[in-house]
>>> print(open('entry.tsv').read())   # TSV, C-alpha atoms
chain	number	residue	atom	x	y	z
A	1303	MET	CA	-20.34	7.86	45.70
A	1304	PRO	CA	-22.61	4.97	44.62
A	1305	ALA	CA	-23.03	1.79	46.61
A	1306	LYS	CA	-20.67	-0.97	45.52
A	1307	TYR	CA	-22.10	-3.35	42.96
A	1308	PRO	CA	-21.43	-7.08	43.36
A	1309	ASN	CA	-20.09	-9.21	40.54
A	1310	LYS	CA	-23.10	-11.10	39.19
A	1311	THR	CA	-21.59	-13.04	36.31
A	1312	ASP	CA	-22.42	-16.39	37.98
A	1313	GLU	CA	-26.05	-15.35	38.43
A	1314	VAL	CA	-26.17	-14.13	34.83
A	1315	ASP	CA	-24.93	-17.52	33.63
A	1316	LYS	CA	-27.68	-19.30	35.55
A	1317	ILE	CA	-30.34	-17.17	33.89
A	1318	LYS	CA	-28.67	-17.65	30.50
A	1319	GLN	CA	-28.96	-21.41	30.94
A	1320	GLU	CA	-32.71	-21.02	31.43
A	1321	ILE	CA	-32.94	-18.67	28.44
A	1322	ASP	CA	-31.03	-21.18	26.31
A	1323	SER	CA	-33.63	-23.85	27.16
A	1324	TYR	CA	-36.08	-21.89	24.99
A	1325	ARG	CA	-33.79	-21.95	21.96
A	1326	PRO	CA	-34.10	-22.10	19.03
A	1327	PHE	CA	-36.48	-19.14	18.99
A	1328	GLY	CA	-39.24	-19.13	16.41
A	1329	GLU	CA	-39.11	-16.45	13.74
A	1330	ASN	CA	-42.04	-14.54	15.24
A	1331	LEU	CA	-40.55	-14.54	18.75
A	1332	PHE	CA	-37.14	-13.47	17.47
A	1333	SER	CA	-38.71	-10.63	15.50
A	1334	GLU	CA	-40.70	-9.41	18.50
A	1335	LEU	CA	-37.65	-9.47	20.77
A	1336	LYS	CA	-35.59	-7.48	18.27
A	1337	ARG	CA	-38.39	-4.94	17.94
A	1338	PHE	CA	-38.75	-4.63	21.72
A	1339	TYR	CA	-35.04	-3.99	22.27
A	1340	ARG	CA	-34.73	-1.65	19.29
A	1341	ILE	CA	-36.97	0.78	21.17
A	1342	GLY	CA	-35.89	0.11	24.76
A	1343	PHE	CA	-32.15	0.07	24.07
A	1344	THR	CA	-32.34	3.14	21.82
A	1345	TYR	CA	-34.35	5.09	24.35
A	1346	SER	CA	-32.14	4.23	27.33
A	1347	SER	CA	-28.81	4.77	25.55
A	1348	ASN	CA	-29.88	8.15	24.21
A	1349	ALA	CA	-31.44	9.19	27.54
A	1350	LEU	CA	-28.12	8.53	29.28
A	1351	GLU	CA	-26.65	11.25	27.06
A	1352	GLY	CA	-29.40	13.78	27.74
A	1353	ASN	CA	-31.85	13.03	24.92
A	1354	SER	CA	-35.31	14.03	26.22
A	1355	LEU	CA	-37.41	11.72	24.03
A	1356	THR	CA	-39.46	9.36	26.18
A	1357	GLU	CA	-39.62	5.66	25.39
A	1358	SER	CA	-43.05	6.03	23.78
A	1359	GLU	CA	-41.86	9.04	21.76
A	1360	THR	CA	-38.81	7.09	20.64
A	1361	LYS	CA	-41.14	4.35	19.40
A	1362	VAL	CA	-43.24	6.84	17.41
A	1363	VAL	CA	-40.14	8.39	15.80
A	1364	ILE	CA	-38.61	5.04	14.81
A	1365	GLU	CA	-41.67	2.99	13.89
A	1366	ASN	CA	-44.01	5.68	12.55
A	1367	GLY	CA	-41.55	8.22	11.18
A	1368	LEU	CA	-43.32	11.05	13.00
A	1369	THR	CA	-41.80	14.10	14.66
A	1370	ILE	CA	-42.49	15.07	18.26
A	1371	GLY	CA	-43.43	18.67	18.98
A	1372	GLY	CA	-40.99	20.52	21.20
A	1373	LYS	CA	-38.16	18.05	20.58
A	1374	SER	CA	-35.04	19.00	18.64
A	1375	ILE	CA	-34.05	17.69	15.21
A	1376	ARG	CA	-30.91	16.27	16.77
A	1377	GLU	CA	-32.91	14.24	19.28
A	1378	HIS	CA	-34.94	12.74	16.42
A	1379	ASN	CA	-31.76	11.99	14.47
A	1380	GLU	CA	-30.19	10.33	17.50
A	1381	ALA	CA	-33.17	7.98	17.75
A	1382	LEU	CA	-33.12	7.15	14.04
A	1383	GLY	CA	-29.35	6.78	13.95
A	1384	HIS	CA	-29.26	4.48	16.95
A	1385	SER	CA	-31.96	2.38	15.33
A	1386	ASP	CA	-29.81	2.10	12.19
A	1387	ALA	CA	-26.82	1.04	14.28
A	1388	TYR	CA	-29.00	-1.48	16.12
A	1389	SER	CA	-29.87	-3.13	12.81
A	1390	PHE	CA	-26.19	-3.50	11.99
A	1391	LEU	CA	-25.57	-4.77	15.52
A	1392	ASN	CA	-27.91	-7.70	14.94
A	1393	GLU	CA	-26.26	-8.58	11.64
A	1394	ALA	CA	-22.74	-8.34	13.06
A	1395	ALA	CA	-23.81	-10.53	16.00
A	1396	LYS	CA	-23.90	-13.48	13.58
A	1397	ASN	CA	-20.10	-13.32	13.35
A	1398	ASN	CA	-17.58	-14.58	15.88
A	1399	LEU	CA	-15.18	-11.64	15.68
A	1400	ILE	CA	-15.36	-7.88	16.09
A	1401	THR	CA	-13.27	-5.82	13.70
A	1402	GLU	CA	-12.14	-2.21	13.67
A	1403	ASN	CA	-14.48	-1.67	10.73
A	1404	ASP	CA	-17.39	-2.90	12.87
A	1405	ILE	CA	-16.65	-0.19	15.43
A	1406	LEU	CA	-16.38	2.48	12.75
A	1407	GLU	CA	-19.63	1.32	11.17
A	1408	LEU	CA	-21.51	1.40	14.46
A	1409	HIS	CA	-20.46	5.01	14.92
A	1410	ARG	CA	-21.13	5.93	11.29
A	1411	LEU	CA	-24.67	4.60	11.36
A	1412	PHE	CA	-25.48	6.30	14.65
A	1413	TYR	CA	-23.90	9.64	13.71
A	1414	HIS	CA	-24.41	10.11	9.96
A	1415	ARG	CA	-27.64	12.08	10.32
A	1416	ILE	CA	-25.97	14.41	12.81
A	1417	ASN	CA	-22.66	15.02	11.02
A	1418	ASP	CA	-22.06	12.85	7.98
A	1419	GLU	CA	-18.57	14.26	7.45
A	1420	LYS	CA	-17.34	13.01	10.83
A	1421	ALA	CA	-19.47	9.87	11.08
A	1422	GLY	CA	-17.39	6.70	11.29
A	1423	LYS	CA	-14.12	8.64	11.39
A	1424	TYR	CA	-11.69	9.16	14.23
A	1425	ARG	CA	-11.57	12.65	15.66
A	1426	GLN	CA	-8.97	15.11	14.40
A	1427	GLU	CA	-8.93	17.38	17.42
A	1428	GLN	CA	-8.54	17.30	21.17
A	1429	VAL	CA	-11.70	16.92	23.24
A	1430	PHE	CA	-12.60	17.28	26.88
A	1431	ILE	CA	-15.11	15.18	28.83
A	1432	SER	CA	-17.40	17.35	30.92
A	1433	GLY	CA	-17.79	16.43	34.57
A	1434	THR	CA	-14.39	14.73	34.88
A	1435	ASP	CA	-10.74	15.68	35.04
A	1436	TYR	CA	-9.80	12.80	32.73
A	1437	LEU	CA	-8.12	13.92	29.51
A	1438	PRO	CA	-8.60	11.57	26.53
A	1439	PRO	CA	-5.59	10.76	24.35
A	1440	LYS	CA	-4.49	13.26	21.73
A	1441	HIS	CA	-6.10	12.73	18.36
A	1442	GLY	CA	-2.82	11.75	16.69
A	1443	GLU	CA	-2.57	8.73	19.00
A	1444	ILE	CA	-6.03	7.35	18.25
A	1445	PRO	CA	-5.36	5.21	15.13
A	1446	SER	CA	-2.56	3.29	16.83
A	1447	LEU	CA	-4.49	3.00	20.11
A	1448	MET	CA	-7.51	1.59	18.28
A	1449	LYS	CA	-5.41	-0.92	16.36
A	1450	GLU	CA	-3.79	-2.03	19.61
A	1451	PHE	CA	-7.24	-2.27	21.22
A	1452	VAL	CA	-8.62	-4.45	18.45
A	1453	SER	CA	-5.50	-6.63	18.42
A	1454	LYS	CA	-5.99	-7.42	22.13
A	1455	MET	CA	-9.65	-8.42	21.78
A	1456	PRO	CA	-8.99	-12.12	21.02
A	1457	GLU	CA	-6.86	-12.51	24.16
A	1458	TRP	CA	-9.44	-10.76	26.34
A	1459	LYS	CA	-12.22	-12.83	24.82
A	1460	GLU	CA	-10.30	-16.00	25.64
A	1461	THR	CA	-9.44	-15.10	29.23
A	1462	LEU	CA	-12.37	-13.01	30.50
A	1463	HIS	CA	-15.95	-13.95	31.28
A	1464	PRO	CA	-18.14	-12.87	28.30
A	1465	VAL	CA	-19.88	-10.17	30.36
A	1466	THR	CA	-16.56	-8.84	31.65
A	1467	PHE	CA	-15.16	-8.93	28.11
A	1468	ALA	CA	-18.10	-6.87	26.88
A	1469	ALA	CA	-17.61	-4.38	29.73
A	1470	LYS	CA	-13.90	-4.21	28.87
A	1471	LEU	CA	-14.73	-3.18	25.31
A	1472	HIS	CA	-17.02	-0.47	26.63
A	1473	GLU	CA	-14.33	0.77	29.02
A	1474	ARG	CA	-11.68	0.99	26.30
A	1475	ILE	CA	-13.88	3.01	23.92
A	1476	ALA	CA	-14.80	5.36	26.76
A	1477	SER	CA	-11.13	5.77	27.66
A	1478	ILE	CA	-9.74	6.22	24.15
A	1479	HIS	CA	-12.71	8.42	23.20
A	1480	PRO	CA	-11.93	7.98	19.50
A	1481	PHE	CA	-14.78	10.03	18.03
A	1482	ILE	CA	-15.65	13.70	18.17
A	1483	ASP	CA	-19.07	12.78	19.61
A	1484	GLY	CA	-21.18	9.67	20.17
A	1485	ASN	CA	-18.53	7.74	22.08
A	1486	GLY	CA	-20.96	6.63	24.81
A	1487	ARG	CA	-23.50	5.32	22.33
A	1488	THR	CA	-20.76	3.55	20.36
A	1489	ALA	CA	-19.34	2.01	23.54
A	1490	ARG	CA	-22.74	0.62	24.55
A	1491	LEU	CA	-23.41	-0.67	21.04
A	1492	LEU	CA	-20.02	-2.38	20.96
A	1493	MET	CA	-20.54	-3.86	24.42
A	1494	ASN	CA	-23.84	-5.34	23.32
A	1495	LEU	CA	-22.38	-6.66	20.10
A	1496	ALA	CA	-19.97	-8.69	22.22
A	1497	LEU	CA	-22.80	-9.89	24.46
A	1498	LEU	CA	-24.98	-10.97	21.53
A	1499	GLN	CA	-22.08	-12.79	19.86
A	1500	ALA	CA	-21.62	-14.76	23.10
A	1501	GLY	CA	-25.34	-15.59	23.31
A	1502	TYR	CA	-26.20	-13.16	26.13
A	1503	PRO	CA	-29.10	-10.69	26.14
A	1504	ILE	CA	-28.62	-6.99	25.47
A	1505	ALA	CA	-27.62	-5.03	28.58
A	1506	VAL	CA	-29.88	-2.00	28.97
A	1507	ILE	CA	-28.57	0.61	31.41
A	1508	PRO	CA	-31.60	2.38	32.93
A	1509	PRO	CA	-31.35	6.19	32.86
A	1510	VAL	CA	-32.09	6.18	36.61
A	1511	LEU	CA	-28.57	4.72	37.09
A	1512	ARG	CA	-26.93	7.49	35.06
A	1513	SER	CA	-25.07	9.03	38.01
A	1514	ASP	CA	-23.59	5.71	39.11
A	1515	TYR	CA	-22.73	4.84	35.52
A	1516	ILE	CA	-20.88	8.10	34.87
A	1517	TYR	CA	-19.03	7.94	38.18
A	1518	LEU	CA	-17.87	4.37	37.61
A	1519	ILE	CA	-16.76	5.13	34.05
A	1520	SER	CA	-14.68	7.99	35.43
A	1521	LEU	CA	-13.03	5.55	37.85
A	1522	ALA	CA	-12.37	3.12	34.99
A	1523	ASN	CA	-10.78	5.92	32.95
A	1524	LYS	CA	-8.30	6.31	35.81
A	1525	GLY	CA	-7.52	2.59	35.90
A	1526	ASP	CA	-9.99	1.29	38.51
A	1527	CYS	CA	-12.08	-0.95	36.24
A	1528	GLU	CA	-13.36	-3.58	38.68
A	1529	GLN	CA	-16.26	-1.53	40.00
A	1530	PHE	CA	-17.38	-0.63	36.49
A	1531	PHE	CA	-17.18	-4.27	35.40
A	1532	ASN	CA	-19.28	-5.27	38.42
A	1533	PHE	CA	-21.79	-2.56	37.57
A	1534	ILE	CA	-22.16	-3.91	34.04
A	1535	SER	CA	-22.59	-7.46	35.37
A	1536	SER	CA	-25.39	-6.20	37.64
A	1537	VAL	CA	-27.05	-4.40	34.73
A	1538	GLU	CA	-26.75	-7.53	32.59
A	1539	TYR	CA	-28.26	-9.60	35.41
A	1540	GLU	CA	-31.35	-7.38	35.54
A	1541	SER	CA	-31.55	-7.30	31.74
A	1542	ALA	CA	-31.34	-11.10	31.56
A	1543	ARG	CA	-34.13	-11.41	34.12
A	1544	GLU	CA	-36.31	-9.14	32.00
A	1545	TYR	CA	-35.43	-11.11	28.86
A	1546	LEU	CA	-36.44	-14.36	30.56
A	1547	ARG	CA	-39.69	-12.77	31.74
A	1548	LEU	CA	-40.50	-11.80	28.15
A	1549	LEU	CA	-39.74	-15.33	26.95
A	1550	LYS	CA	-42.02	-16.89	29.54
A	1551	HIS	CA	-44.80	-14.45	28.66
A	1552	PHE	CA	-44.48	-15.09	24.93
A	1553	CYS	CA	-44.16	-18.85	25.21
>>> encode(input="entry.tsv", output="structure tokens")
Amino acid sequence: MPAKYPNKTDEVDKIKQEIDSYRPFGENLFSELKRFYRIGFTYSSNALEGNSLTESETKVVIENGLTIGGKSIREHNEALGHSDAYSFLNEAAKNNLITENDILELHRLFYHRINDEKAGKYRQEQVFISGTDYLPPKHGEIPSLMKEFVSKMPEWKETLHPVTFAAKLHERIASIHPFIDGNGRTARLLMNLALLQAGYPIAVIPPVLRSDYIYLISLANKGDCEQFFNFISSVEYESAREYLRLLKHFC
């Protein structure tokens, strides 16, 4: 059992205030930050799911279009697909709302190189989540569950702290498990879309925290969400500190 994580939303807000003092970002700075997180976020999110590409190998695959010896085609496609979804993420962040189509598109872009037929489409079969006794909803329930989920977003956005709101979106995708595969990547992309729309930095979950992350998601699936929300606030706190460090170095 992992140590309990404190809620750090207040600390995150203090760092955000300092980050905001650097706005508006120049075009060159904004471009460099997007490039930095394209690699770091893609690497970490894929590594959490067992992808063995290192961060430097992920960079070579995405930026140079090269293949890495000894690594599978799927691992390369996961890196390229996540990069595609990241591009859409930054465009969708310019909007104030998140739609069901946004969620489907995030999954489609990540997954289309792996299985184009099932990319961006809700699963049509029952699935099991390894390492947990939680059973996701039956596939026939998914369309209505997703519509209900999306319909509740405005209320959650109004009543929850932005970081907690983002964590809530992650938790719901993990719980509903709407896709045949790629649910974790989609959940983290969606979470970060909400953070970017609210003006917060991308939350990068380090692979070293994988065990805690999986355990706390399993608790959230069973209804105990507070610890998972606190975990995400702690991750966002560390991510915001890193973001501020990069700003100070660049400026």
>>> atom_distance(input="entry.tsv", atom1="CA of Ile1317 in chain A", atom2="CA of Phe1530 in chain A")
21.2 Å
>>> atom_distance(input="entry.tsv", atom1="CA of Asp1386 in chain A", atom2="CA of Glu1538 in chain A")
22.8 Å
>>> atom_distance(input="entry.tsv", atom1="CA of Ile1400 in chain A", atom2="CA of Ala1496 in chain A")
7.7 Å
>>> residues_around(input="entry.tsv", residues="range 1356-1365 of chain A", least_positions_apart="6", cutoff="7 Å", atoms="only C-alpha atoms", output="list in words")
Ile1341, Gly1342, Tyr1345, His1378, Ala1381 and Leu1382 of chain A
>>> residues_around(input="entry.tsv", residues="Gly1422 in chain A", least_positions_apart="2", cutoff="7 Å", atoms="all atoms listed in the file", output="ChimeraX atom specification")
/A:1406-1407,1409-1410,1420,1424
>>> residues_near_point(input="entry.tsv", point="(-21.9, -2.1, 32.9)", cutoff="10 Å", atoms="only C-alpha atoms", output="ChimeraX atom specification")
/A:1465-1466,1468-1470,1472-1473,1490,1493,1505-1507,1515,1518-1519,1529-1538
>>> closest_residue(input="entry.tsv", among="A:Pro1508, A:Gly1486, A:Pro1308, A:Pro1503", to="Leu1549 in chain A", atoms="all atoms listed in the file")
A:Pro1503
>>> residues_around(input="entry.tsv", residues="Asp1514 in chain A", least_positions_apart="2", cutoff="10 Å", atoms="all atoms listed in the file", output="PyMOL selection string")
chain A and resi 1303-1307+1509-1512+1516-1520+1530+1533
>>> residues_around(input="entry.tsv", residues="Asn1353 in chain A", least_positions_apart="6", cutoff="10 Å", atoms="only C-alpha atoms", output="ChimeraX atom specification")
/A:1345-1347,1373-1374,1376-1378,1380-1381
>>> closest_residue(input="entry.tsv", among="A:Cys1527, A:Leu1331, A:Ile1375, A:Ala1500", to="Glu1460 in chain A", atoms="all atoms listed in the file")
A:Ala1500
>>> residues_around(input="entry.tsv", residues="Ile1431 in chain A", least_positions_apart="2", cutoff="12 Å", atoms="all atoms listed in the file", output="list in words")
Gln1428, Val1429, Gly1433, Thr1434, Asp1435, Tyr1436, Leu1437, Pro1438, Pro1439, Ala1476, Ser1477, Ile1478, His1479, Phe1481, Ile1482, Asp1483, Gly1484, Asn1485, Gly1486, Ile1516, Ile1519, Ser1520 and Asn1523 of chain A
>>> closest_residue(input="entry.tsv", among="A:Asn1494, A:Asn1348, A:Arg1337, A:Pro1445", to="Ala1394 in chain A", atoms="all atoms listed in the file")
A:Asn1494
>>> closest_residue(input="entry.tsv", among="A:Glu1334, A:Glu1450, A:Glu1313, A:Glu1329", to="Phe1552 in chain A", atoms="only C-alpha atoms")
A:Glu1334
>>> closest_residue(input="entry.tsv", among="A:Arg1325, A:Phe1467, A:Ala1349, A:Ile1504", to="Glu1544 in chain A", atoms="only C-alpha atoms")
A:Ile1504
>>> closest_residue(input="entry.tsv", among="A:Ser1385, A:Glu1443, A:Phe1412, A:Ser1453", to="Phe1338 in chain A", atoms="only C-alpha atoms")
A:Ser1385
>>> decode(input="entry.tsv", residues="range 1484-1522 of chain A", atoms="N, CA and C atoms", output="CSV table (one decimal), in the first residue's frame")
chain,number,residue,atom,x,y,z
A,1484,GLY,N,-6.1,1.1,-24.8
A,1484,GLY,CA,-5.7,2.5,-24.8
A,1484,GLY,C,-6.5,3.4,-23.9
A,1485,ASN,N,-7.2,2.8,-22.9
A,1485,ASN,CA,-8.0,3.6,-22.0
A,1485,ASN,C,-7.1,4.4,-21.1
A,1486,GLY,N,-6.0,3.9,-20.6
A,1486,GLY,CA,-5.1,4.6,-19.8
A,1486,GLY,C,-4.5,5.9,-20.5
A,1487,ARG,N,-4.0,5.6,-21.7
A,1487,ARG,CA,-3.5,6.8,-22.5
A,1487,ARG,C,-4.6,7.8,-22.7
A,1488,THR,N,-5.8,7.4,-23.1
A,1488,THR,CA,-6.9,8.3,-23.3
A,1488,THR,C,-7.3,9.1,-22.1
A,1489,ALA,N,-7.3,8.4,-20.9
A,1489,ALA,CA,-7.6,9.0,-19.7
A,1489,ALA,C,-6.6,10.1,-19.3
A,1490,ARG,N,-5.3,9.8,-19.5
A,1490,ARG,CA,-4.3,10.8,-19.2
A,1490,ARG,C,-4.3,12.0,-20.2
A,1491,LEU,N,-4.6,11.7,-21.5
A,1491,LEU,CA,-4.8,12.8,-22.5
A,1491,LEU,C,-5.9,13.7,-22.1
A,1492,LEU,N,-7.1,13.1,-21.8
A,1492,LEU,CA,-8.2,13.8,-21.4
A,1492,LEU,C,-8.0,14.7,-20.2
A,1493,MET,N,-7.4,14.1,-19.2
A,1493,MET,CA,-7.0,14.8,-17.9
A,1493,MET,C,-6.2,16.0,-18.3
A,1494,ASN,N,-5.2,15.9,-19.1
A,1494,ASN,CA,-4.4,17.0,-19.5
A,1494,ASN,C,-5.0,18.0,-20.4
A,1495,LEU,N,-6.0,17.6,-21.2
A,1495,LEU,CA,-6.8,18.5,-21.9
A,1495,LEU,C,-7.5,19.5,-21.0
A,1496,ALA,N,-8.1,18.9,-19.9
A,1496,ALA,CA,-8.8,19.7,-18.9
A,1496,ALA,C,-7.9,20.7,-18.2
A,1497,LEU,N,-6.7,20.2,-17.9
A,1497,LEU,CA,-5.7,21.1,-17.2
A,1497,LEU,C,-5.3,22.2,-18.1
A,1498,LEU,N,-5.0,21.9,-19.4
A,1498,LEU,CA,-4.5,23.0,-20.3
A,1498,LEU,C,-5.6,24.0,-20.5
A,1499,GLN,N,-6.9,23.5,-20.7
A,1499,GLN,CA,-8.0,24.5,-20.8
A,1499,GLN,C,-8.1,25.4,-19.7
A,1500,ALA,N,-7.7,25.0,-18.5
A,1500,ALA,CA,-7.8,25.8,-17.3
A,1500,ALA,C,-6.6,26.6,-17.0
A,1501,GLY,N,-5.6,26.5,-17.9
A,1501,GLY,CA,-4.3,27.2,-17.8
A,1501,GLY,C,-3.3,26.6,-16.9
A,1502,TYR,N,-3.4,25.3,-16.6
A,1502,TYR,CA,-2.5,24.6,-15.8
A,1502,TYR,C,-1.5,23.8,-16.6
A,1503,PRO,N,-0.3,23.5,-16.2
A,1503,PRO,CA,0.7,22.7,-16.9
A,1503,PRO,C,0.2,21.3,-17.1
A,1504,ILE,N,0.8,20.6,-18.0
A,1504,ILE,CA,0.5,19.1,-18.2
A,1504,ILE,C,1.1,18.4,-17.0
A,1505,ALA,N,0.3,17.4,-16.5
A,1505,ALA,CA,0.7,16.6,-15.4
A,1505,ALA,C,1.3,15.3,-16.0
A,1506,VAL,N,2.6,15.1,-15.7
A,1506,VAL,CA,3.3,14.0,-16.2
A,1506,VAL,C,3.5,13.0,-15.0
A,1507,ILE,N,3.0,11.8,-15.1
A,1507,ILE,CA,3.1,10.8,-14.1
A,1507,ILE,C,4.4,10.0,-14.3
A,1508,PRO,N,5.4,10.1,-13.5
A,1508,PRO,CA,6.6,9.4,-13.7
A,1508,PRO,C,6.4,7.9,-13.6
A,1509,PRO,N,7.0,7.1,-14.5
A,1509,PRO,CA,6.9,5.7,-14.5
A,1509,PRO,C,7.3,5.1,-13.1
A,1510,VAL,N,8.2,5.7,-12.4
A,1510,VAL,CA,8.6,5.2,-11.1
A,1510,VAL,C,7.4,5.2,-10.1
A,1511,LEU,N,6.3,5.9,-10.4
A,1511,LEU,CA,5.2,5.9,-9.5
A,1511,LEU,C,4.1,5.0,-10.0
A,1512,ARG,N,4.4,4.1,-10.9
A,1512,ARG,CA,3.4,3.3,-11.6
A,1512,ARG,C,2.6,2.4,-10.6
A,1513,SER,N,3.3,1.8,-9.6
A,1513,SER,CA,2.6,1.0,-8.7
A,1513,SER,C,1.6,1.7,-7.8
A,1514,ASP,N,2.0,2.9,-7.4
A,1514,ASP,CA,1.1,3.7,-6.6
A,1514,ASP,C,-0.1,4.1,-7.5
A,1515,TYR,N,0.2,4.5,-8.7
A,1515,TYR,CA,-0.8,5.0,-9.6
A,1515,TYR,C,-1.9,3.9,-9.9
A,1516,ILE,N,-1.4,2.7,-10.2
A,1516,ILE,CA,-2.3,1.6,-10.5
A,1516,ILE,C,-3.1,1.2,-9.3
A,1517,TYR,N,-2.5,1.2,-8.1
A,1517,TYR,CA,-3.2,0.9,-6.9
A,1517,TYR,C,-4.3,1.9,-6.6
A,1518,LEU,N,-4.0,3.2,-6.7
A,1518,LEU,CA,-5.0,4.2,-6.4
A,1518,LEU,C,-6.1,4.3,-7.4
A,1519,ILE,N,-5.8,4.0,-8.7
A,1519,ILE,CA,-6.9,3.9,-9.7
A,1519,ILE,C,-7.8,2.7,-9.3
A,1520,SER,N,-7.3,1.6,-8.8
A,1520,SER,CA,-8.1,0.5,-8.5
A,1520,SER,C,-9.0,0.9,-7.3
A,1521,LEU,N,-8.5,1.7,-6.4
A,1521,LEU,CA,-9.4,2.2,-5.3
A,1521,LEU,C,-10.5,3.1,-5.8
A,1522,ALA,N,-10.1,3.9,-6.8
A,1522,ALA,CA,-11.1,4.9,-7.4
A,1522,ALA,C,-12.2,4.1,-8.1
